[in-house]
Each structure stands twice: as C-alpha cells, then as structure tokens.
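What follows is one structure encoded as structure tokens, with my remarks underneath.
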Amino acid sequence: MADFIARENRYDHLRCPIRVFDRGGYRHFHGGTSAMTDPRFSQILPTMQLRVNSSSLGPFKQCPRKYQYEIGTGLRSRRPNPHLIFGTLVHSGVEHYDRERLAGATVDQALLSTVEWALRATWDGKLNRPWQSENPSKNREGLIRTLVWYVDQYGQSENLETIILPNGQPAIELNFEFDSGYQTADGEAVSFIGKIDKIVKLGDKFYVKDIKTTGHEVGGRFFAEFSPDNQFSLYSLAAKIVFDFAVEGLICDGIQVGATFSRFYRAPIGRPDTILDEWLRDSRHWLGQMESCAREGYWPQNDKGCGLYGGCEFRSVCGARPEAREGLLKMAFQTLPPGGGGEVA
Ligand code: SF4
C-alpha cells in the first residue's frame, strides 16, 4: 500500500469526514423548494448550498438561473432524457461487470450476469414492457450491445488494475467529501462531494477511471473537451485528498454509440497539481458568486449559456415574459425530491 500513497499530500488541510445522507428522511417531501429541505443546503441561509457536487457547480458556472431551476428548486423536464438514462445505465452495467470479476467470476460469467442485469434494469415493471427510448441509438438494444462489445474490447485484455483499498474493498463507486476552503460570511464551510467510478493503476501510475458515452465521433477533439473540465478536475482532487492516491488524472473510456454499432477509445487526461490548484482557486471564486446570488435572492440569466450542450432545456421558459414563466415551468417540468436528479454522494 505504502508505495502508492501520496507521501506528502499538499491537500491534507482540505480533508474532512464524509457525511452520509439518510435518504429515508426524504420520504415526506411534497415538492416545493428543494433547497428548504435538502440537507446539502445551509440552515442559516437556506438557498446556499454547503455540500456541492459537480452536477451543481457545473450548472452554476453555465448559468445561475439554470442552477436555481435545477438544483435550488429541483426542476426536471417531464420528458425523460435518454442520454442521461443511457449514460447512467452504461456506468452501472460496467460497475456490475467489475464487481462480478472482482468476486471471482470469469469474463464470460461476468458478462452473462451483466447482460441479465441490463435486461432487468431496462424492464418497466409498471407498464410490463421494455424501456422505450426516444433515441434511435441510446436504447435497450444499444445498451446490451455496448456492454457486450465493451467486454469484448477490454475483458480479456484489460491492462488497468482496480485498486484494493486498505479496508479490503475495491476502489469502485467511492463517495467523497472534502473541504473546498471556502467559508460563507456566516462562517459555514462549503465542501465538495461526489462519487468516483473507480481508481485504477496502469504500470506504476494511478488514475481515476471514468466512462463517457456520446453519439459523436470519439477522437482527439472529444478528449480535448475534458481539459479543462469541472468534473474531471474535482475527481482528480478527490482521489488525492480523500483517498490519498497521487493520481496523474483520469483514464476516460469514450464510447461512440450509433444505431448499429458501439466504438471504444481510451485516453489518459492529465491533471497536474498546478492545474488543480488553479481549479480550486477558481472554484472558491464561483462559490463566492453562488453565495452572492443566495444572499441577494437573485439568480441572473447567462444568455451565453443557452446554446451550450445541445441547448438548455429551460430556453422556452427564459425566452418568455417573466410573468408567464411560472405557468410554463409547471407545464413542462416536475419538482424532484432533494438530490433526486443527479449525483448526490
Ligand atoms: S435558457 Fe439560458 S438563461 Fe435560461 S436557464 Fe438556460 S442557460 Fe440560463
């Protein structure tokens, strides 16, 4: 163990204990402002998030209004997002495969178990039929094919070693929390939280492992989009601060999913300490902006963010007269329980 621990961890001062959510406590949530009942938020300034994940900081950086709708209020489109569902299923499927392998299953046994898992995961028990995706590629058939071909690609020839932690558990699906170094004017510390897919070893180097699916071609341009990148920088820091691994950055499996094919590319994405230091410093600036919005009770529109990532789903709302927006939001969106729309940790 000792040889791969970061011996002098420059981020030691940002360590803090992980607090675990009791999801059962959400059972009586009846909608309304998620920030009022979400334990990630301050009791003193209820619209200020004190435990921030990449799925919260990212939308805030894109547009404070989007953050207020998605995170502060918990709004989600009534139309399911096939890209989000598919990406989550691929992550979970690969995790299932990894766990089977680590429990001693052969590649074939683990694959069979994973396909069975995927068939069950995409069965809609209420409607007694398979998951019906609106997307011609990111659907049930595409999921099964992607998982089978993923194992064909990496199963027998996998050269990434999954780390076993000192407690004997594999370094898979690791919840983390560490101090951001930012304190609100009320003296409350803001921490970063999240969940890492996996920490792996390649040769004598350590990496966080992640998977990204896309409908577009995967190559140099695809991987270049992750430098800089909010989530990847946060995960690299978490591996160093919380788990004590001197990671080089991430290894990303990019998967292009077409209607009849899935293609796989793997690339390292570096995160030197100087880049991570800059990300931390910038993040404190963004958290300061978040606090300013929370104190003012106003989350401005960033109209340069509307066209990003295929177009913001709130565009029809933000483009309408302010007095018409509440009705539009009620029609097209539902309010999810706190933390119900994404990574919570
Ligand atoms: S449509 Fe534009 S202004 Fe409205 S929430 Fe989205 S990014 Fe912000």
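As shown in the structure tokens, the chain order sets the letters A, B, ...; within each chain, residues go from 1, and ligands are also counted from 1 in the order they appear.
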
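If you count only C-alpha atoms and ignore residues fewer than 4 places along the chain from A:Ile172, what sits within 7 Å of it is A:Asp197, A:Lys198, A:Ile199.
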
Worksheet item: Please, which residues have at least one atom within 12 Å of an atom of ligand 1, using only C-alpha atoms and all ligand atoms, listed as a PyMOL selection string?
Response: chain A and resi 58-71+75+299-320+322+325+329

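The gap separating atom CA of A:Gly249 from atom CA of A:Arg271 is 4.5 Å, in Å to one decimal.
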
Item to complete: DSSP on the backbone, then: every residue of stretch 189-329 of chain A marked strand (DSSP E or B), written as an MDAnalysis selection string.
Response: chainID A and resid 189:202 205:214 245 249:257 262:270

So that I have them on file, write out the residues from the current selection with C-alpha atoms, as a PDB file, in the first residue's frame.
```pdb
ATOM      1  CA  ALA A 189     -17.647  25.729   5.485  1.00  0.00           C
ATOM      2  CA  VAL A 190     -18.508  24.623   1.964  1.00  0.00           C
ATOM      3  CA  SER A 191     -17.379  21.141   0.954  1.00  0.00           C
ATOM      4  CA  PHE A 192     -17.161  19.306  -2.345  1.00  0.00           C
ATOM      5  CA  ILE A 193     -18.918  15.970  -2.597  1.00  0.00           C
ATOM      6  CA  GLY A 194     -19.349  13.329  -5.275  1.00  0.00           C
ATOM      7  CA  LYS A 195     -18.725   9.776  -6.319  1.00  0.00           C
ATOM      8  CA  ILE A 196     -15.732   8.397  -8.240  1.00  0.00           C
ATOM      9  CA  ASP A 197     -16.333   5.407 -10.555  1.00  0.00           C
ATOM     10  CA  LYS A 198     -13.021   3.727  -9.906  1.00  0.00           C
ATOM     11  CA  ILE A 199      -9.335   4.249  -9.104  1.00  0.00           C
ATOM     12  CA  VAL A 200      -7.002   2.166 -11.263  1.00  0.00           C
ATOM     13  CA  LYS A 201      -3.320   1.512 -11.717  1.00  0.00           C
ATOM     14  CA  LEU A 202      -1.603   1.449 -15.098  1.00  0.00           C
ATOM     15  CA  LYS A 205       0.792   5.276 -12.216  1.00  0.00           C
ATOM     16  CA  PHE A 206      -2.641   5.877 -10.715  1.00  0.00           C
ATOM     17  CA  TYR A 207      -5.729   7.287 -12.384  1.00  0.00           C
ATOM     18  CA  VAL A 208      -9.395   7.899 -11.769  1.00  0.00           C
ATOM     19  CA  LYS A 209     -11.356   5.912 -14.327  1.00  0.00           C
ATOM     20  CA  ASP A 210     -14.492   7.251 -15.971  1.00  0.00           C
ATOM     21  CA  ILE A 211     -16.732   6.470 -18.944  1.00  0.00           C
ATOM     22  CA  LYS A 212     -18.386   8.930 -21.296  1.00  0.00           C
ATOM     23  CA  THR A 213     -20.911   7.975 -23.963  1.00  0.00           C
ATOM     24  CA  THR A 214     -21.692  10.110 -26.991  1.00  0.00           C
ATOM     25  CA  PHE A 245      -3.653   8.463  -4.364  1.00  0.00           C
ATOM     26  CA  GLY A 249      -5.509  12.487 -13.806  1.00  0.00           C
ATOM     27  CA  LEU A 250      -8.162  10.326 -15.436  1.00  0.00           C
ATOM     28  CA  ILE A 251      -8.378   7.490 -17.895  1.00  0.00           C
ATOM     29  CA  CYS A 252     -11.507   8.039 -19.913  1.00  0.00           C
ATOM     30  CA  ASP A 253     -13.283   5.356 -21.923  1.00  0.00           C
ATOM     31  CA  GLY A 254     -15.071   7.267 -24.662  1.00  0.00           C
ATOM     32  CA  ILE A 255     -17.867   5.261 -26.261  1.00  0.00           C
ATOM     33  CA  GLN A 256     -19.475   6.302 -29.508  1.00  0.00           C
ATOM     34  CA  VAL A 257     -22.938   4.791 -29.690  1.00  0.00           C
ATOM     35  CA  SER A 262     -20.593   0.994 -30.492  1.00  0.00           C
ATOM     36  CA  ARG A 263     -16.972   2.149 -30.771  1.00  0.00           C
ATOM     37  CA  PHE A 264     -14.482   2.408 -27.939  1.00  0.00           C
ATOM     38  CA  TYR A 265     -11.487   4.635 -27.386  1.00  0.00           C
ATOM     39  CA  ARG A 266      -9.449   5.008 -24.240  1.00  0.00           C
ATOM     40  CA  ALA A 267      -7.290   8.029 -23.412  1.00  0.00           C
ATOM     41  CA  PRO A 268      -5.467   9.477 -20.397  1.00  0.00           C
ATOM     42  CA  ILE A 269      -6.464  13.001 -19.397  1.00  0.00           C
ATOM     43  CA  GLY A 270      -3.821  14.643 -17.229  1.00  0.00           C
TER      44      GLY A 270
END
```

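Atom CA of A:Arg99 lies 13.1 Å from atom CA of A:Glu161.
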
Could you list, with a cut-off of 12 Å and counting only C-alpha atoms, the residues of stretch 199-290 of chain A near stretch 33-54 of chain A, each shown with its nearest atom pair and the distance in Å rounded to one decimal, rows sorted by chain and ascending number, as a Markdown table?
```
| residue | atom | partner | partner_atom | distance |
| --- | --- | --- | --- | --- |
| A:Asp229 | CA | A:Ser54 | CA | 9.9 |
| A:Asn230 | CA | A:Ser54 | CA | 6.6 |
| A:Gln231 | CA | A:Ser54 | CA | 5.3 |
| A:Phe232 | CA | A:Ser54 | CA | 9.0 |
| A:Ser233 | CA | A:Ser54 | CA | 9.6 |
| A:Leu234 | CA | A:Ser54 | CA | 7.2 |
| A:Tyr235 | CA | A:Ser54 | CA | 9.0 |
| A:Ala238 | CA | A:Asn53 | CA | 11.2 |
| A:Ser283 | CA | A:Val52 | CA | 10.5 |
| A:Arg284 | CA | A:Val52 | CA | 11.5 |
| A:Trp286 | CA | A:Val52 | CA | 11.3 |
| A:Leu287 | CA | A:Gln49 | CA | 9.0 |
| A:Gly288 | CA | A:Met48 | CA | 10.4 |
| A:Gln289 | CA | A:Met48 | CA | 10.6 |
| A:Met290 | CA | A:Met48 | CA | 7.2 |
```

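The protein and nucleic acid residues lying at most 10 Å from A:Gly142 are Phe86, Val90, Asn135, Pro136, Val148, Val257, Gly258, Ala259, Thr260, Phe261 and Ser262 of chain A, with only C-alpha atoms considered and sequence neighbours fewer than 6 positions away removed.
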
Discussion item. DSSP on the backbone, alpha helix (DSSP H) only: what residues of stretch 146-205 of chain A does that give? Format it as a PyMOL selection string.
Written reply: chain A and resi 146-154

Could the residues in this selection be saved with N, CA, C and O atoms as a short mmCIF file (atom, residue, chain, number, x, y, z; two decimals), in the first residue's frame?
```cif
data_model
loop_
_atom_site.label_atom_id
_atom_site.label_comp_id
_atom_site.auth_asym_id
_atom_site.auth_seq_id
_atom_site.Cartn_x
_atom_site.Cartn_y
_atom_site.Cartn_z
N THR A 146 -23.63 -2.34 -26.33
CA THR A 146 -22.49 -1.58 -25.82
C THR A 146 -21.78 -2.34 -24.70
O THR A 146 -20.54 -2.42 -24.68
N LEU A 147 -22.56 -2.94 -23.81
CA LEU A 147 -21.94 -3.67 -22.69
C LEU A 147 -21.20 -4.92 -23.19
O LEU A 147 -20.08 -5.22 -22.76
N VAL A 148 -21.82 -5.64 -24.14
CA VAL A 148 -21.18 -6.87 -24.66
C VAL A 148 -19.90 -6.49 -25.42
O VAL A 148 -18.84 -7.10 -25.23
N TRP A 149 -19.99 -5.47 -26.25
CA TRP A 149 -18.81 -5.09 -27.04
C TRP A 149 -17.73 -4.46 -26.15
O TRP A 149 -16.55 -4.54 -26.44
N TYR A 150 -18.15 -3.81 -25.08
CA TYR A 150 -17.17 -3.24 -24.13
C TYR A 150 -16.33 -4.36 -23.53
O TYR A 150 -15.11 -4.26 -23.44
N VAL A 151 -17.02 -5.43 -23.15
CA VAL A 151 -16.29 -6.57 -22.56
C VAL A 151 -15.44 -7.25 -23.63
O VAL A 151 -14.32 -7.70 -23.36
N ASP A 152 -15.95 -7.33 -24.88
CA ASP A 152 -15.13 -7.87 -25.97
C ASP A 152 -13.84 -7.06 -26.12
O ASP A 152 -12.77 -7.60 -26.37
N GLN A 153 -13.98 -5.75 -25.99
CA GLN A 153 -12.84 -4.86 -26.19
C GLN A 153 -11.83 -4.94 -25.04
O GLN A 153 -10.63 -5.01 -25.25
N TYR A 154 -12.35 -4.92 -23.81
CA TYR A 154 -11.46 -4.76 -22.66
C TYR A 154 -11.43 -5.97 -21.70
O TYR A 154 -10.60 -6.00 -20.80
#
```

Discussion item. Quick one: residues within 9 Å of A:His13, only C-alpha atoms, excluding same-chain residues fewer than 2 positions away - as number ranges by chain?
Written reply: A: 9-11, 15-16, 179, 181, 241

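The gap separating atom CA of A:Tyr97 from atom CA of A:Ala110 is 5.5 Å, in Å to one decimal.
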
Worksheet item: Closest to A:Met331 among A:Leu174, A:Leu143, A:Arg78, A:Asp12, using only C-alpha atoms?
Response: A:Arg78
